[in-house]
Amino acid sequence: MPVLLSCESVSVTYGSRTLFENLSLAISDGERLGLIGPNGSGKSTLIEILAGLKQADSGTVSARRLTRIGFVPQTSVFEPGATVRSILDQSVAGLPIDEHEREAAVQNAIGRAGFFDDSAPADSLSGGWKKRLAIAAELVKLPDLLLLDEPTNHLDLEGILWLERLLTGSRFASLIISHDRYFLENAATHMAEINRVYPGGLFYVRGNYSEFLDRKQEFLHAQTQHQESLENRVRVELEWLRRGAKARTTKSKARIQEAERLMGELSDINARTRTGSAQIDFTASERMTKKLVTAKGLSKALGGRTLFRGLDAALRPGMRLGLVGPNGSGKTTLLKIFSGELEPDSGEVERAEQLQVVYFEQNRETLDPSITLKRALAPEGDVVLFRDRPIHVAGWAKRFLFSNEQLEMPVRSLSGGERARVYIARLMLRPADVLLLDEPTNDLDIPTLELLEENLLDFAGALVLVTHDRYMLDRVSTTVLGLDGEGGASLYADYSQWEQDRQSRAARKTEPLAAVPERPADGAGSQQGTAKKKLGYLEQREWEQIEGRILDAEAELERLQAAIQDPQIASDGGMLQTTYTNMQAAQSRVDELYARWAELEEKRG
């Protein structure tokens with residue numbers, strides 16, 4: 001496929017810290033490239049260089065002639081007073097197309113993003129809908145390549161599924177920085193990781209996230225074998241040199257040069273593979289109280305809209321409750337009620353005596369960006385107290401992968417993932433009966449996510465988790481509480497069960513009340529019924545066949561839903577993921593057919 005955009009031998013250094021060096025990457029037509037890497041490895045810097053917003057210290061960036069490139073940053077800022085429509089109009093204004101084509105592009109972007117009211121002020125939108133608007137503002141420019149930096153961070157689960165469908169159903173190429181493993185599995189056709197562990201600083205694979213993991217494991221295994229072989233060869237050469245090798249003969253000189261080359265290569269591999277991981281360990285209070293928090297008949301309304309009503313919940317030690325629902329359904333509000341920060345409109349919350357609650361805020365508002373990293377980690381001196389044991393701030397920082405040189409840096413200069421690690425470090429100093437986590441996965445790299453998951457699985461207290469990371473929900477939660485955004489709340493065994501129920505309810509909303517409207521008996525009524533019929537010949541044929549197509553699609557969906565419960569498939573990671581992906585596609589097909597059925601029914605009158 002023709003290359004749309006590439007960079008060659010790009011290097012970036014901040015002070016004495018090298019983000020990446022001599023990095024090369026190319027993106028081709030139709031490619032959906034998922035880009036991952038440790039926090040602070042330079043992913044956002046690289047995508048801004050590719051978007052033309054930053055300059056590299058060295059190297060070149062080149063794009064195919066007339067290639068239109070769109071860029072959606074992590075945080076989008078809109079002008080005060082701007083509406084959905086005005087933002088899209090402004091985005092399309094510079095395109096070399098006529099007024100009719102501009103209007104068509106705007107309407108298409110509005111429809112694809114799912115907006116119903118294009119006059120809505122941007123400031124009034126939730127974080128997820130602001131992200132949709134930012135994406136729509138780039139879609140309206142008809143890009144050949146769309147660059148997205150952590151696009152799932154502010155989207156709810158429905159928004160992530162929407163983005164998956166958007167990217168997989170579009171002809172433009174895309175580069176997506178993301179740590180959402182299910183999203184990468186479903187949306188990416190190629191994967192790349194920025195990491196010093198690889199020669200050249202980047203590992204590129206044709207395939208989705210599962211394929212990437214397989215190839216990465218093979219590469220690292222081969223690199224480890226090569227490293228062991230080098231160590232053995234260097235050991236032999238060092239022994240020969242210690243015996244007093246003289247560089248008098250040509251043969252001796254060549255061997256000494258080869259020994260030096262081997263030692264240099266081994267030193268390079270050792271430097272690249274010397275990696276660490278954050279040490280996450282939330283401290284449970286080990287309280288044995290059976291009920292830590294008991295909520296009965298909770299109701300809460302905000303802005304004249306009921307978030308939930310009659311909600312009952314009990315948090316016990318060892319319980320891991322996943323909290324799901326669309327943006328604005330009341331997830332964060334419920335967390336604040338559990339913590340005591342908010343009061344319900346009705347109902348009551350009973351908390352165990354001297355309950356210790358640790359709350360991971362979604363916006364991390366308590367982290368002052370102006371203070372130094374040292375002061376953020378140790379607010380009261382040079383020592384922190386962890387599990388009644390004093391630890392010097394330098395050692396505490398090292399536990400979260402920060403160097404001594406970074407201690408005097410202001411928090412604002414840290415990457416999003418580094419700031420998330422600071423926040424986790426602060427919370428770990430407080431023992432907890434109940435751990436409330438509101439979108440803790442934002443900005444965390446995949447190794448840190450995996451460590452966080454391991455710690456949450458071992459946490460002995462009660463846990464309530466709000467996250468759009470479906471993988472973490474499936475792995476960590478023992479029970480899922482789903483909020484429907486219309487006042488309802490129900491318990492589910494896992495995320496998949498909630499997702500199936502949500503899609504079934506959505507399908508029922510679009511299902512017509514009757515497949516064939518009853519025709520009046522009198523002649524005038526018959527003529528009126530004929531006049532209402534607006535289906536063309538092809539649409540009439542489609543209408544006659546669509547019921548059978550829906551039945552076939554639902555049968556396929558039921559087959560896949562049964563298959564995913566098969567122990568043979570469930571025990572095979574590859575088969576399970578393939579079946580899950582096929583099941584999602586089948587569900588989307590059923591939803592599309594029901595929506596089309598409703599559309600044709602409406603046209604029939």
# chains A, B, ... in the order shown; residues from 1 in each chain; ligands from 1
>>> closest_atom_pairs(of="segment 453-477 of chain A", to="segment 140-161 of chain A", cutoff="10 Å", atoms="only C-alpha atoms", output="tab-separated table")
residue	atom	partner	partner_atom	distance
A:Thr467	CA	A:Asp156	CA	8.3
A:His468	CA	A:Leu157	CA	5.4
A:Asp469	CA	A:Leu157	CA	8.0
A:Arg470	CA	A:Leu157	CA	7.9
>>> write_last_selection(atoms="N, CA, C and O atoms", output="CSV table (one decimal), in the first residue's frame")
chain,number,residue,atom,x,y,z
A,467,THR,N,-14.5,2.4,35.2
A,467,THR,CA,-13.5,2.4,34.2
A,467,THR,C,-14.1,2.1,32.8
A,467,THR,O,-15.1,1.4,32.7
A,468,HIS,N,-13.6,2.7,31.8
A,468,HIS,CA,-14.0,2.4,30.4
A,468,HIS,C,-13.1,1.3,29.8
A,468,HIS,O,-13.3,0.9,28.7
A,469,ASP,N,-12.2,0.8,30.6
A,469,ASP,CA,-11.3,-0.3,30.2
A,469,ASP,C,-12.0,-1.6,30.4
A,469,ASP,O,-12.1,-2.2,31.5
A,470,ARG,N,-12.5,-2.2,29.3
A,470,ARG,CA,-13.3,-3.4,29.4
A,470,ARG,C,-12.5,-4.6,29.9
A,470,ARG,O,-13.0,-5.5,30.6
>>> closest_atom_pairs(of="segment 295-343 of chain A", to="segment 432-438 of chain A", cutoff="8 Å", atoms="only C-alpha atoms", output="Markdown table")
| residue | atom | partner | partner_atom | distance |
| --- | --- | --- | --- | --- |
| A:Pro317 | CA | A:Asp433 | CA | 7.6 |
| A:Thr332 | CA | A:Asp438 | CA | 6.8 |
| A:Leu335 | CA | A:Leu436 | CA | 6.7 |
| A:Ser339 | CA | A:Leu436 | CA | 8.0 |
>>> residues_around(residues="segment 103-109 of chain A", least_positions_apart="2", cutoff="6 Å", atoms="only C-alpha atoms", output="ChimeraX atom specification")
/A:100-101,111-112,136,140
>>> write_last_selection(atoms="C-alpha atoms", output="CSV table (one decimal), in the first residue's frame")
chain,number,residue,atom,x,y,z
A,100,HIS,CA,-23.0,22.3,-1.2
A,101,GLU,CA,-20.1,19.9,-0.5
A,111,GLY,CA,-24.5,12.1,11.9
A,112,ARG,CA,-21.4,9.9,12.3
A,136,ALA,CA,-16.1,15.1,14.2
A,140,VAL,CA,-15.4,17.1,8.5
>>> residues_around(residues="segment 359-362 of chain A", least_positions_apart="2", cutoff="12 Å", atoms="only C-alpha atoms", output="PDB file with N, CA and C atoms, in the first residue's frame")
ATOM      1  N   GLY A 127     -17.460  15.313  28.975  1.00  0.00           N
ATOM      2  CA  GLY A 127     -16.128  15.032  28.434  1.00  0.00           C
ATOM      3  C   GLY A 127     -16.170  14.099  27.239  1.00  0.00           C
ATOM      4  N   ASN A 153      -9.832   8.109  26.374  1.00  0.00           N
ATOM      5  CA  ASN A 153      -9.723   8.542  27.771  1.00  0.00           C
ATOM      6  C   ASN A 153     -11.012   9.126  28.333  1.00  0.00           C
ATOM      7  N   HIS A 154     -11.726   9.919  27.549  1.00  0.00           N
ATOM      8  CA  HIS A 154     -12.917  10.594  28.062  1.00  0.00           C
ATOM      9  C   HIS A 154     -14.212   9.991  27.516  1.00  0.00           C
ATOM     10  N   PHE A 282      -1.733  -1.118  47.129  1.00  0.00           N
ATOM     11  CA  PHE A 282      -2.657  -0.440  48.028  1.00  0.00           C
ATOM     12  C   PHE A 282      -2.770  -1.243  49.329  1.00  0.00           C
ATOM     13  N   LYS A 331     -22.351   7.665  37.666  1.00  0.00           N
ATOM     14  CA  LYS A 331     -21.330   6.790  38.259  1.00  0.00           C
ATOM     15  C   LYS A 331     -20.486   7.550  39.289  1.00  0.00           C
ATOM     16  N   THR A 332     -19.944   8.712  38.875  1.00  0.00           N
ATOM     17  CA  THR A 332     -19.126   9.502  39.801  1.00  0.00           C
ATOM     18  C   THR A 332     -19.961  10.006  40.972  1.00  0.00           C
ATOM     19  N   THR A 333     -21.206  10.369  40.703  1.00  0.00           N
ATOM     20  CA  THR A 333     -22.101  10.815  41.777  1.00  0.00           C
ATOM     21  C   THR A 333     -22.293   9.719  42.814  1.00  0.00           C
ATOM     22  N   LEU A 335     -20.234   7.245  43.500  1.00  0.00           N
ATOM     23  CA  LEU A 335     -18.987   7.106  44.253  1.00  0.00           C
ATOM     24  C   LEU A 335     -18.915   8.149  45.368  1.00  0.00           C
ATOM     25  N   LYS A 336     -19.302   9.380  45.045  1.00  0.00           N
ATOM     26  CA  LYS A 336     -19.247  10.454  46.038  1.00  0.00           C
ATOM     27  C   LYS A 336     -20.254  10.227  47.160  1.00  0.00           C
ATOM     28  N   ILE A 337     -21.365   9.587  46.851  1.00  0.00           N
ATOM     29  CA  ILE A 337     -22.337   9.241  47.897  1.00  0.00           C
ATOM     30  C   ILE A 337     -21.757   8.142  48.792  1.00  0.00           C
ATOM     31  N   PHE A 338     -21.119   7.130  48.185  1.00  0.00           N
ATOM     32  CA  PHE A 338     -20.479   6.077  48.974  1.00  0.00           C
ATOM     33  C   PHE A 338     -19.432   6.669  49.922  1.00  0.00           C
ATOM     34  N   SER A 339     -18.663   7.656  49.429  1.00  0.00           N
ATOM     35  CA  SER A 339     -17.571   8.235  50.222  1.00  0.00           C
ATOM     36  C   SER A 339     -18.076   9.214  51.276  1.00  0.00           C
ATOM     37  N   GLY A 340     -19.307   9.698  51.123  1.00  0.00           N
ATOM     38  CA  GLY A 340     -19.848  10.686  52.049  1.00  0.00           C
ATOM     39  C   GLY A 340     -19.673  12.117  51.584  1.00  0.00           C
ATOM     40  N   GLU A 341     -19.094  12.308  50.410  1.00  0.00           N
ATOM     41  CA  GLU A 341     -18.898  13.653  49.874  1.00  0.00           C
ATOM     42  C   GLU A 341     -20.219  14.274  49.438  1.00  0.00           C
ATOM     43  N   GLN A 356     -12.437   3.888  56.693  1.00  0.00           N
ATOM     44  CA  GLN A 356     -11.339   4.521  55.967  1.00  0.00           C
ATOM     45  C   GLN A 356     -11.558   4.326  54.461  1.00  0.00           C
ATOM     46  N   VAL A 357     -11.770   5.435  53.783  1.00  0.00           N
ATOM     47  CA  VAL A 357     -12.066   5.407  52.349  1.00  0.00           C
ATOM     48  C   VAL A 357     -10.935   6.099  51.592  1.00  0.00           C
ATOM     49  N   ARG A 364      -8.233  14.004  39.192  1.00  0.00           N
ATOM     50  CA  ARG A 364      -7.037  14.178  40.021  1.00  0.00           C
ATOM     51  C   ARG A 364      -6.863  15.634  40.433  1.00  0.00           C
ATOM     52  N   GLU A 365      -7.953  16.235  40.909  1.00  0.00           N
ATOM     53  CA  GLU A 365      -7.980  17.671  41.182  1.00  0.00           C
ATOM     54  C   GLU A 365      -7.082  18.067  42.353  1.00  0.00           C
ATOM     55  N   THR A 366      -6.747  17.125  43.232  1.00  0.00           N
ATOM     56  CA  THR A 366      -5.964  17.479  44.403  1.00  0.00           C
ATOM     57  C   THR A 366      -4.465  17.515  44.121  1.00  0.00           C
ATOM     58  N   LEU A 367      -4.041  17.223  42.916  1.00  0.00           N
ATOM     59  CA  LEU A 367      -2.623  17.213  42.569  1.00  0.00           C
ATOM     60  C   LEU A 367      -2.232  18.584  42.015  1.00  0.00           C
ATOM     61  N   ALA A 420      -0.246  10.255  36.853  1.00  0.00           N
ATOM     62  CA  ALA A 420      -1.114   9.209  37.408  1.00  0.00           C
ATOM     63  C   ALA A 420      -0.347   8.361  38.413  1.00  0.00           C
ATOM     64  N   ARG A 421       0.928   8.081  38.132  1.00  0.00           N
ATOM     65  CA  ARG A 421       1.743   7.302  39.071  1.00  0.00           C
ATOM     66  C   ARG A 421       1.976   8.076  40.361  1.00  0.00           C
ATOM     67  N   VAL A 422       2.149   9.401  40.256  1.00  0.00           N
ATOM     68  CA  VAL A 422       2.292  10.232  41.463  1.00  0.00           C
ATOM     69  C   VAL A 422       1.034  10.122  42.313  1.00  0.00           C
ATOM     70  N   TYR A 423      -0.100  10.197  41.665  1.00  0.00           N
ATOM     71  CA  TYR A 423      -1.382  10.154  42.382  1.00  0.00           C
ATOM     72  C   TYR A 423      -1.549   8.815  43.086  1.00  0.00           C
ATOM     73  N   ILE A 424      -1.188   7.729  42.402  1.00  0.00           N
ATOM     74  CA  ILE A 424      -1.267   6.403  43.008  1.00  0.00           C
ATOM     75  C   ILE A 424      -0.326   6.309  44.200  1.00  0.00           C
ATOM     76  N   ALA A 425       0.889   6.884  44.065  1.00  0.00           N
ATOM     77  CA  ALA A 425       1.866   6.861  45.158  1.00  0.00           C
ATOM     78  C   ALA A 425       1.317   7.552  46.397  1.00  0.00           C
ATOM     79  N   ARG A 426       0.616   8.652  46.220  1.00  0.00           N
ATOM     80  CA  ARG A 426       0.035   9.378  47.355  1.00  0.00           C
ATOM     81  C   ARG A 426      -1.074   8.566  48.021  1.00  0.00           C
ATOM     82  N   LEU A 427      -1.918   7.935  47.209  1.00  0.00           N
ATOM     83  CA  LEU A 427      -3.028   7.163  47.764  1.00  0.00           C
ATOM     84  C   LEU A 427      -2.554   5.910  48.495  1.00  0.00           C
ATOM     85  N   MET A 428      -1.429   5.339  48.037  1.00  0.00           N
ATOM     86  CA  MET A 428      -0.922   4.116  48.657  1.00  0.00           C
ATOM     87  C   MET A 428      -0.472   4.334  50.096  1.00  0.00           C
ATOM     88  N   ARG A 430      -2.145   5.677  52.345  1.00  0.00           N
ATOM     89  CA  ARG A 430      -3.317   5.677  53.224  1.00  0.00           C
ATOM     90  C   ARG A 430      -3.960   4.293  53.235  1.00  0.00           C
ATOM     91  N   PRO A 431      -4.011   3.632  54.405  1.00  0.00           N
ATOM     92  CA  PRO A 431      -4.715   2.345  54.473  1.00  0.00           C
ATOM     93  C   PRO A 431      -6.207   2.536  54.213  1.00  0.00           C
ATOM     94  N   ALA A 432      -6.843   1.534  53.610  1.00  0.00           N
ATOM     95  CA  ALA A 432      -8.238   1.695  53.189  1.00  0.00           C
ATOM     96  C   ALA A 432      -9.081   0.484  53.549  1.00  0.00           C
ATOM     97  N   ASP A 433     -10.307   0.769  53.996  1.00  0.00           N
ATOM     98  CA  ASP A 433     -11.346  -0.262  54.076  1.00  0.00           C
ATOM     99  C   ASP A 433     -12.050  -0.373  52.726  1.00  0.00           C
ATOM    100  N   VAL A 434     -12.269   0.797  52.123  1.00  0.00           N
ATOM    101  CA  VAL A 434     -12.983   0.867  50.837  1.00  0.00           C
ATOM    102  C   VAL A 434     -12.133   1.672  49.864  1.00  0.00           C
ATOM    103  N   LEU A 435     -11.941   1.137  48.678  1.00  0.00           N
ATOM    104  CA  LEU A 435     -11.168   1.793  47.629  1.00  0.00           C
ATOM    105  C   LEU A 435     -12.125   2.169  46.501  1.00  0.00           C
ATOM    106  N   LEU A 436     -12.264   3.480  46.238  1.00  0.00           N
ATOM    107  CA  LEU A 436     -13.136   3.973  45.183  1.00  0.00           C
ATOM    108  C   LEU A 436     -12.265   4.501  44.048  1.00  0.00           C
ATOM    109  N   LEU A 437     -12.370   3.897  42.885  1.00  0.00           N
ATOM    110  CA  LEU A 437     -11.504   4.243  41.756  1.00  0.00           C
ATOM    111  C   LEU A 437     -12.355   4.766  40.606  1.00  0.00           C
ATOM    112  N   ASP A 438     -12.183   6.046  40.288  1.00  0.00           N
ATOM    113  CA  ASP A 438     -12.940   6.686  39.206  1.00  0.00           C
ATOM    114  C   ASP A 438     -12.015   6.896  38.015  1.00  0.00           C
ATOM    115  N   GLU A 439     -12.134   6.049  37.023  1.00  0.00           N
ATOM    116  CA  GLU A 439     -11.305   6.082  35.806  1.00  0.00           C
ATOM    117  C   GLU A 439      -9.813   6.100  36.137  1.00  0.00           C
ATOM    118  N   PRO A 440      -9.315   5.096  36.876  1.00  0.00           N
ATOM    119  CA  PRO A 440      -7.896   5.085  37.231  1.00  0.00           C
ATOM    120  C   PRO A 440      -6.972   4.758  36.067  1.00  0.00           C
ATOM    121  N   THR A 441      -7.528   4.229  34.958  1.00  0.00           N
ATOM    122  CA  THR A 441      -6.681   3.765  33.859  1.00  0.00           C
ATOM    123  C   THR A 441      -6.236   4.884  32.923  1.00  0.00           C
ATOM    124  N   ASN A 442      -6.853   6.056  33.020  1.00  0.00           N
ATOM    125  CA  ASN A 442      -6.490   7.147  32.099  1.00  0.00           C
ATOM    126  C   ASN A 442      -5.001   7.433  32.172  1.00  0.00           C
ATOM    127  N   ASP A 443      -4.351   7.405  31.026  1.00  0.00           N
ATOM    128  CA  ASP A 443      -2.935   7.770  30.856  1.00  0.00           C
ATOM    129  C   ASP A 443      -1.950   6.705  31.318  1.00  0.00           C
ATOM    130  N   LEU A 463     -13.971  -2.771  46.994  1.00  0.00           N
ATOM    131  CA  LEU A 463     -13.495  -1.982  45.858  1.00  0.00           C
ATOM    132  C   LEU A 463     -14.675  -1.641  44.961  1.00  0.00           C
ATOM    133  N   VAL A 464     -14.763  -0.364  44.564  1.00  0.00           N
ATOM    134  CA  VAL A 464     -15.734   0.047  43.547  1.00  0.00           C
ATOM    135  C   VAL A 464     -14.938   0.674  42.409  1.00  0.00           C
ATOM    136  N   LEU A 465     -15.107   0.145  41.212  1.00  0.00           N
ATOM    137  CA  LEU A 465     -14.279   0.518  40.069  1.00  0.00           C
ATOM    138  C   LEU A 465     -15.143   1.097  38.951  1.00  0.00           C
ATOM    139  N   VAL A 466     -14.846   2.340  38.572  1.00  0.00           N
ATOM    140  CA  VAL A 466     -15.436   2.948  37.385  1.00  0.00           C
ATOM    141  C   VAL A 466     -14.337   3.038  36.345  1.00  0.00           C
ATOM    142  N   THR A 467     -14.509   2.384  35.233  1.00  0.00           N
ATOM    143  CA  THR A 467     -13.501   2.440  34.177  1.00  0.00           C
ATOM    144  C   THR A 467     -14.134   2.120  32.828  1.00  0.00           C
ATOM    145  N   HIS A 468     -13.563   2.717  31.765  1.00  0.00           N
ATOM    146  CA  HIS A 468     -13.996   2.369  30.414  1.00  0.00           C
ATOM    147  C   HIS A 468     -13.125   1.256  29.841  1.00  0.00           C
TER     148      HIS A 468
END
>>> atom_distance(atom1="atom CA of Ala586 of chain A", atom2="atom CA of Ser210 of chain A")
20.6 Å
>>> atom_distance(atom1="atom CA of Arg196 of chain A", atom2="atom CA of Phe219 of chain A")
13.9 Å
>>> atom_distance(atom1="atom CA of Leu167 of chain A", atom2="atom CA of Gly485 of chain A")
26.1 Å
>>> residues_around(residues="Glu556 of chain A", least_positions_apart="4", cutoff="9 Å", atoms="only C-alpha atoms", output="list of chain:residue names")
A:Leu551, A:Asp552, A:Leu560, A:Gln561, A:Met583, A:Ala586
>>> write_last_selection(atoms="N, CA, C and O atoms", output="mmCIF file, in the first residue's frame")
data_model
loop_
_atom_site.group_PDB
_atom_site.id
_atom_site.type_symbol
_atom_site.label_atom_id
_atom_site.label_comp_id
_atom_site.auth_asym_id
_atom_site.auth_seq_id
_atom_site.Cartn_x
_atom_site.Cartn_y
_atom_site.Cartn_z
ATOM 1 N N LEU A 551 -33.895 -12.660 11.553
ATOM 2 C CA LEU A 551 -33.921 -13.965 12.215
ATOM 3 C C LEU A 551 -32.602 -14.701 12.022
ATOM 4 O O LEU A 551 -32.070 -15.313 12.956
ATOM 5 N N ASP A 552 -32.036 -14.641 10.815
ATOM 6 C CA ASP A 552 -30.745 -15.289 10.546
ATOM 7 C C ASP A 552 -29.631 -14.641 11.375
ATOM 8 O O ASP A 552 -28.770 -15.333 11.941
ATOM 9 N N LEU A 560 -22.952 -17.606 18.583
ATOM 10 C CA LEU A 560 -21.679 -17.084 19.086
ATOM 11 C C LEU A 560 -21.734 -16.855 20.594
ATOM 12 O O LEU A 560 -20.743 -17.079 21.296
ATOM 13 N N GLN A 561 -22.906 -16.427 21.099
ATOM 14 C CA GLN A 561 -23.041 -16.235 22.541
ATOM 15 C C GLN A 561 -22.920 -17.570 23.274
ATOM 16 O O GLN A 561 -22.365 -17.635 24.376
ATOM 17 N N MET A 583 -18.687 -12.090 17.840
ATOM 18 C CA MET A 583 -19.951 -11.857 18.532
ATOM 19 C C MET A 583 -20.313 -10.375 18.509
ATOM 20 O O MET A 583 -21.468 -9.995 18.301
ATOM 21 N N ALA A 586 -21.559 -9.551 15.101
ATOM 22 C CA ALA A 586 -22.916 -10.090 14.913
ATOM 23 C C ALA A 586 -23.942 -9.215 15.628
ATOM 24 O O ALA A 586 -25.034 -8.963 15.110
#
>>> select_by_dssp(residues="segment 84-217 of chain A", states="strand (DSSP E)", output="number ranges by chain")
A: 145-149, 173-177, 190-194, 202-206
>>> write_last_selection(atoms="N, CA, C and O atoms", output="PDB file, in the first residue's frame")
ATOM      1  N   LEU A 145      -5.640  10.675   6.620  1.00  0.00           N
ATOM      2  CA  LEU A 145      -5.003  10.062   7.788  1.00  0.00           C
ATOM      3  C   LEU A 145      -5.458  10.816   9.029  1.00  0.00           C
ATOM      4  O   LEU A 145      -5.389  12.048   9.075  1.00  0.00           O
ATOM      5  N   LEU A 146      -5.933  10.090  10.028  1.00  0.00           N
ATOM      6  CA  LEU A 146      -6.394  10.695  11.278  1.00  0.00           C
ATOM      7  C   LEU A 146      -5.476  10.241  12.410  1.00  0.00           C
ATOM      8  O   LEU A 146      -5.313   9.041  12.647  1.00  0.00           O
ATOM      9  N   LEU A 147      -4.865  11.214  13.109  1.00  0.00           N
ATOM     10  CA  LEU A 147      -3.985  10.949  14.235  1.00  0.00           C
ATOM     11  C   LEU A 147      -4.771  11.205  15.524  1.00  0.00           C
ATOM     12  O   LEU A 147      -5.314  12.299  15.712  1.00  0.00           O
ATOM     13  N   LEU A 148      -4.827  10.213  16.413  1.00  0.00           N
ATOM     14  CA  LEU A 148      -5.607  10.340  17.652  1.00  0.00           C
ATOM     15  C   LEU A 148      -4.729  10.004  18.854  1.00  0.00           C
ATOM     16  O   LEU A 148      -4.156   8.911  18.914  1.00  0.00           O
ATOM     17  N   ASP A 149      -4.658  10.941  19.802  1.00  0.00           N
ATOM     18  CA  ASP A 149      -3.848  10.753  21.003  1.00  0.00           C
ATOM     19  C   ASP A 149      -4.765  10.426  22.178  1.00  0.00           C
ATOM     20  O   ASP A 149      -5.484  11.286  22.673  1.00  0.00           O
ATOM     21  N   ALA A 173      -6.860   6.208   6.768  1.00  0.00           N
ATOM     22  CA  ALA A 173      -5.910   5.548   7.653  1.00  0.00           C
ATOM     23  C   ALA A 173      -5.924   6.255   9.002  1.00  0.00           C
ATOM     24  O   ALA A 173      -6.389   7.393   9.119  1.00  0.00           O
ATOM     25  N   SER A 174      -5.406   5.588  10.019  1.00  0.00           N
ATOM     26  CA  SER A 174      -5.379   6.206  11.342  1.00  0.00           C
ATOM     27  C   SER A 174      -4.183   5.717  12.136  1.00  0.00           C
ATOM     28  O   SER A 174      -3.707   4.591  11.950  1.00  0.00           O
ATOM     29  N   LEU A 175      -3.710   6.591  13.013  1.00  0.00           N
ATOM     30  CA  LEU A 175      -2.700   6.239  14.001  1.00  0.00           C
ATOM     31  C   LEU A 175      -3.288   6.580  15.361  1.00  0.00           C
ATOM     32  O   LEU A 175      -3.682   7.728  15.595  1.00  0.00           O
ATOM     33  N   ILE A 176      -3.386   5.590  16.249  1.00  0.00           N
ATOM     34  CA  ILE A 176      -4.085   5.777  17.516  1.00  0.00           C
ATOM     35  C   ILE A 176      -3.164   5.421  18.673  1.00  0.00           C
ATOM     36  O   ILE A 176      -2.712   4.269  18.770  1.00  0.00           O
ATOM     37  N   ILE A 177      -2.868   6.403  19.522  1.00  0.00           N
ATOM     38  CA  ILE A 177      -2.193   6.116  20.783  1.00  0.00           C
ATOM     39  C   ILE A 177      -3.261   5.676  21.772  1.00  0.00           C
ATOM     40  O   ILE A 177      -4.223   6.394  22.028  1.00  0.00           O
ATOM     41  N   HIS A 190      -2.466  -2.865  12.550  1.00  0.00           N
ATOM     42  CA  HIS A 190      -1.025  -2.919  12.772  1.00  0.00           C
ATOM     43  C   HIS A 190      -0.742  -2.365  14.168  1.00  0.00           C
ATOM     44  O   HIS A 190      -1.517  -1.561  14.695  1.00  0.00           O
ATOM     45  N   MET A 191       0.374  -2.772  14.759  1.00  0.00           N
ATOM     46  CA  MET A 191       0.747  -2.313  16.088  1.00  0.00           C
ATOM     47  C   MET A 191       2.213  -1.896  16.100  1.00  0.00           C
ATOM     48  O   MET A 191       3.040  -2.465  15.391  1.00  0.00           O
ATOM     49  N   ALA A 192       2.518  -0.898  16.922  1.00  0.00           N
ATOM     50  CA  ALA A 192       3.905  -0.475  17.122  1.00  0.00           C
ATOM     51  C   ALA A 192       4.083  -0.064  18.571  1.00  0.00           C
ATOM     52  O   ALA A 192       3.173   0.506  19.181  1.00  0.00           O
ATOM     53  N   GLU A 193       5.242  -0.376  19.134  1.00  0.00           N
ATOM     54  CA  GLU A 193       5.555   0.027  20.505  1.00  0.00           C
ATOM     55  C   GLU A 193       6.863   0.805  20.528  1.00  0.00           C
ATOM     56  O   GLU A 193       7.881   0.352  19.988  1.00  0.00           O
ATOM     57  N   ILE A 194       6.823   1.991  21.144  1.00  0.00           N
ATOM     58  CA  ILE A 194       8.047   2.747  21.406  1.00  0.00           C
ATOM     59  C   ILE A 194       8.608   2.257  22.729  1.00  0.00           C
ATOM     60  O   ILE A 194       7.941   2.343  23.760  1.00  0.00           O
ATOM     61  N   LEU A 202      11.831   0.968  18.423  1.00  0.00           N
ATOM     62  CA  LEU A 202      10.441   0.738  18.022  1.00  0.00           C
ATOM     63  C   LEU A 202      10.284  -0.680  17.496  1.00  0.00           C
ATOM     64  O   LEU A 202      11.145  -1.199  16.787  1.00  0.00           O
ATOM     65  N   PHE A 203       9.163  -1.320  17.842  1.00  0.00           N
ATOM     66  CA  PHE A 203       8.841  -2.664  17.373  1.00  0.00           C
ATOM     67  C   PHE A 203       7.512  -2.583  16.627  1.00  0.00           C
ATOM     68  O   PHE A 203       6.507  -2.134  17.178  1.00  0.00           O
ATOM     69  N   TYR A 204       7.476  -3.037  15.378  1.00  0.00           N
ATOM     70  CA  TYR A 204       6.326  -2.872  14.484  1.00  0.00           C
ATOM     71  C   TYR A 204       5.833  -4.246  14.054  1.00  0.00           C
ATOM     72  O   TYR A 204       6.622  -5.126  13.682  1.00  0.00           O
ATOM     73  N   VAL A 205       4.507  -4.450  14.120  1.00  0.00           N
ATOM     74  CA  VAL A 205       3.919  -5.742  13.768  1.00  0.00           C
ATOM     75  C   VAL A 205       2.695  -5.519  12.899  1.00  0.00           C
ATOM     76  O   VAL A 205       1.871  -4.633  13.177  1.00  0.00           O
ATOM     77  N   ARG A 206       2.547  -6.307  11.856  1.00  0.00           N
ATOM     78  CA  ARG A 206       1.322  -6.314  11.055  1.00  0.00           C
ATOM     79  C   ARG A 206       0.331  -7.259  11.726  1.00  0.00           C
ATOM     80  O   ARG A 206       0.507  -8.467  11.707  1.00  0.00           O
TER      81      ARG A 206
END
>>> closest_residue(among="A:Gly70, A:Gly330, A:Gly40, A:Gly304", to="Gly52 of chain A", atoms="only C-alpha atoms")
A:Gly70
>>> residues_around(residues="Ala507 of chain A", least_positions_apart="4", cutoff="12 Å", atoms="only C-alpha atoms", output="list in words")
Gln500, Asp501, Arg502, Gln503, Glu511, Pro512, Ile550, Glu554, Gln587, Ser588, Arg589, Val590, Asp591, Glu592, Leu593, Tyr594, Ala595, Arg596, Trp597 and Ala598 of chain A
